[in-house]
>>> print(open('work08.pdb').read())   # PDB, C-alpha atoms
MODEL        1
ATOM      1  CA  MET A 295     -94.209 -30.835 -49.725  1.00  0.00           C
ATOM      2  CA  THR A 296     -97.442 -32.782 -49.222  1.00  0.00           C
ATOM      3  CA  LEU A 297     -97.402 -36.431 -48.269  1.00  0.00           C
ATOM      4  CA  MET A 298     -99.257 -38.848 -50.535  1.00  0.00           C
ATOM      5  CA  SER A 299    -101.240 -40.188 -47.560  1.00  0.00           C
ATOM      6  CA  ARG A 300    -102.529 -36.667 -46.876  1.00  0.00           C
ATOM      7  CA  LEU A 301    -103.619 -36.239 -50.472  1.00  0.00           C
ATOM      8  CA  THR A 302    -105.421 -39.570 -50.669  1.00  0.00           C
ATOM      9  CA  GLY A 303    -107.151 -38.993 -47.326  1.00  0.00           C
ATOM     10  CA  PHE A 304    -108.466 -35.576 -48.340  1.00  0.00           C
ATOM     11  CA  ASN A 305    -111.744 -36.309 -50.104  1.00  0.00           C
ATOM     12  CA  CYS A 306    -115.425 -35.582 -49.603  1.00  0.00           C
ATOM     13  CA  VAL A 307    -116.251 -38.409 -47.177  1.00  0.00           C
ATOM     14  CA  PRO A 308    -113.669 -37.748 -44.421  1.00  0.00           C
ATOM     15  CA  VAL A 309    -114.058 -33.968 -44.747  1.00  0.00           C
ATOM     16  CA  ALA A 310    -117.841 -34.234 -44.369  1.00  0.00           C
ATOM     17  CA  LYS A 311    -117.423 -36.559 -41.374  1.00  0.00           C
ATOM     18  CA  PHE A 312    -114.987 -34.109 -39.760  1.00  0.00           C
ATOM     19  CA  PHE A 313    -117.446 -31.231 -40.050  1.00  0.00           C
ATOM     20  CA  GLU A 314    -120.339 -33.381 -38.766  1.00  0.00           C
ATOM     21  CA  LEU A 315    -118.289 -34.307 -35.694  1.00  0.00           C
ATOM     22  CA  LEU A 316    -117.198 -30.702 -35.227  1.00  0.00           C
ATOM     23  CA  LYS A 317    -120.786 -29.446 -35.419  1.00  0.00           C
ATOM     24  CA  SER A 318    -122.007 -32.019 -32.889  1.00  0.00           C
ATOM     25  CA  LYS A 319    -119.165 -31.164 -30.488  1.00  0.00           C
ATOM     26  CA  ILE A 320    -119.843 -27.414 -30.775  1.00  0.00           C
ATOM     27  CA  ASN A 321    -123.561 -27.949 -30.143  1.00  0.00           C
ATOM     28  CA  ARG A 322    -122.996 -30.350 -27.230  1.00  0.00           C
ATOM     29  CA  LEU A 323    -120.533 -28.028 -25.462  1.00  0.00           C
ATOM     30  CA  ASN A 324    -122.460 -24.830 -26.295  1.00  0.00           C
ATOM     31  CA  ILE A 325    -119.367 -23.212 -27.796  1.00  0.00           C
ATOM     32  CA  THR A 326    -119.864 -19.717 -29.191  1.00  0.00           C
ATOM     33  CA  SER A 327    -118.025 -18.170 -32.110  1.00  0.00           C
ATOM     34  CA  ARG A 328    -116.052 -16.017 -29.652  1.00  0.00           C
ATOM     35  CA  ALA A 329    -114.301 -19.164 -28.387  1.00  0.00           C
ATOM     36  CA  ILE A 330    -113.184 -20.428 -31.818  1.00  0.00           C
ATOM     37  CA  TYR A 331    -109.753 -19.457 -33.150  1.00  0.00           C
ATOM     38  CA  ASN A 332    -108.170 -20.047 -36.546  1.00  0.00           C
ATOM     39  CA  ILE A 333    -104.590 -21.292 -36.193  1.00  0.00           C
ATOM     40  CA  ASP A 334    -102.252 -23.584 -38.073  1.00  0.00           C
ATOM     41  CA  GLU A 335     -99.323 -25.701 -36.995  1.00  0.00           C
ATOM     42  CA  THR A 336     -96.640 -23.342 -38.286  1.00  0.00           C
ATOM     43  CA  GLY A 337     -93.968 -23.130 -35.632  1.00  0.00           C
ATOM     44  CA  ILE A 338     -95.393 -26.020 -33.603  1.00  0.00           C
ATOM     45  CA  THR A 339     -93.421 -29.234 -33.700  1.00  0.00           C
ATOM     46  CA  THR A 340     -94.656 -32.717 -32.884  1.00  0.00           C
ATOM     47  CA  ILE A 341     -91.090 -33.999 -32.724  1.00  0.00           C
ATOM     48  CA  GLN A 342     -89.639 -33.803 -29.251  1.00  0.00           C
ATOM     49  CA  VAL A 343     -85.905 -33.795 -28.724  1.00  0.00           C
ATOM     50  CA  PRO A 344     -85.214 -36.086 -25.788  1.00  0.00           C
ATOM     51  CA  GLY A 345     -82.888 -34.849 -23.083  1.00  0.00           C
ATOM     52  CA  LYS A 346     -80.437 -36.952 -21.151  1.00  0.00           C
ATOM     53  CA  ILE A 347     -82.062 -39.957 -19.588  1.00  0.00           C
ATOM     54  CA  LEU A 348     -80.911 -40.595 -16.063  1.00  0.00           C
ATOM     55  CA  GLU A 349     -81.983 -43.579 -14.047  1.00  0.00           C
ATOM     56  CA  CYS A 350     -81.096 -45.160 -10.775  1.00  0.00           C
ATOM     57  CA  LYS A 351     -78.085 -47.445 -10.757  1.00  0.00           C
ATOM     58  CA  GLY A 352     -79.006 -51.052 -11.388  1.00  0.00           C
ATOM     59  CA  VAL A 353     -82.100 -50.409 -13.503  1.00  0.00           C
ATOM     60  CA  LYS A 354     -81.899 -52.699 -16.510  1.00  0.00           C
ATOM     61  CA  GLN A 355     -84.398 -51.026 -18.839  1.00  0.00           C
ATOM     62  CA  VAL A 356     -84.951 -47.348 -19.441  1.00  0.00           C
ATOM     63  CA  GLY A 357     -87.807 -46.618 -21.843  1.00  0.00           C
ATOM     64  CA  ARG A 358     -88.210 -43.690 -24.205  1.00  0.00           C
ATOM     65  CA  VAL A 359     -90.944 -42.908 -26.714  1.00  0.00           C
ATOM     66  CA  VAL A 360     -90.477 -40.325 -29.464  1.00  0.00           C
ATOM     67  CA  SER A 361     -92.376 -39.476 -32.624  1.00  0.00           C
ATOM     68  CA  ALA A 362     -91.101 -41.139 -35.810  1.00  0.00           C
ATOM     69  CA  GLU A 363     -92.295 -38.156 -37.869  1.00  0.00           C
ATOM     70  CA  ARG A 364     -89.593 -35.965 -39.423  1.00  0.00           C
TER      71      ARG A 364
ENDMDL
END
>>> encode(input="work08.pdb", output="structure tokens")
Amino acid sequence: MTLMSRLTGFNCVPVAKFFELLKSKINRLNITSRAIYNIDETGITTIQVPGKILECKGVKQVGRVVSAER
């Protein structure tokens, strides 16, 4: 399944900008081809399952931030 926002964002202008930025970063940091790896996000999740939240007695607000992505 591909999200509509991904499809609409994938066009010539942002792709060209991405590769321009990538090229400038590689040149600035003197990165060689031996240090570049091809990976994808298969098996890597951006959604974190929060554990139990424990706080000291008397604390009125306990904050938690999680990704809204499913």
>>> atom_distance(input="work08.pdb", atom1="atom CA of A:Cys306", atom2="atom CA of A:Arg322")
24.2 Å
>>> axis_aligned_box(input="work08.pdb", around="stretch 329-346 of chain A", padding_each_side="5 Å", output="AutoDock Vina command-line options")
--center_x -97.4 --center_y -28.1 --center_z -29.7 --size_x 43.9 --size_y 27.8 --size_z 27.1
>>> atom_distance(input="work08.pdb", atom1="atom CA of A:Thr340", atom2="atom CA of A:Pro308")
22.8 Å
>>> atom_distance(input="work08.pdb", atom1="atom CA of A:Leu315", atom2="atom CA of A:Ser327")
16.5 Å
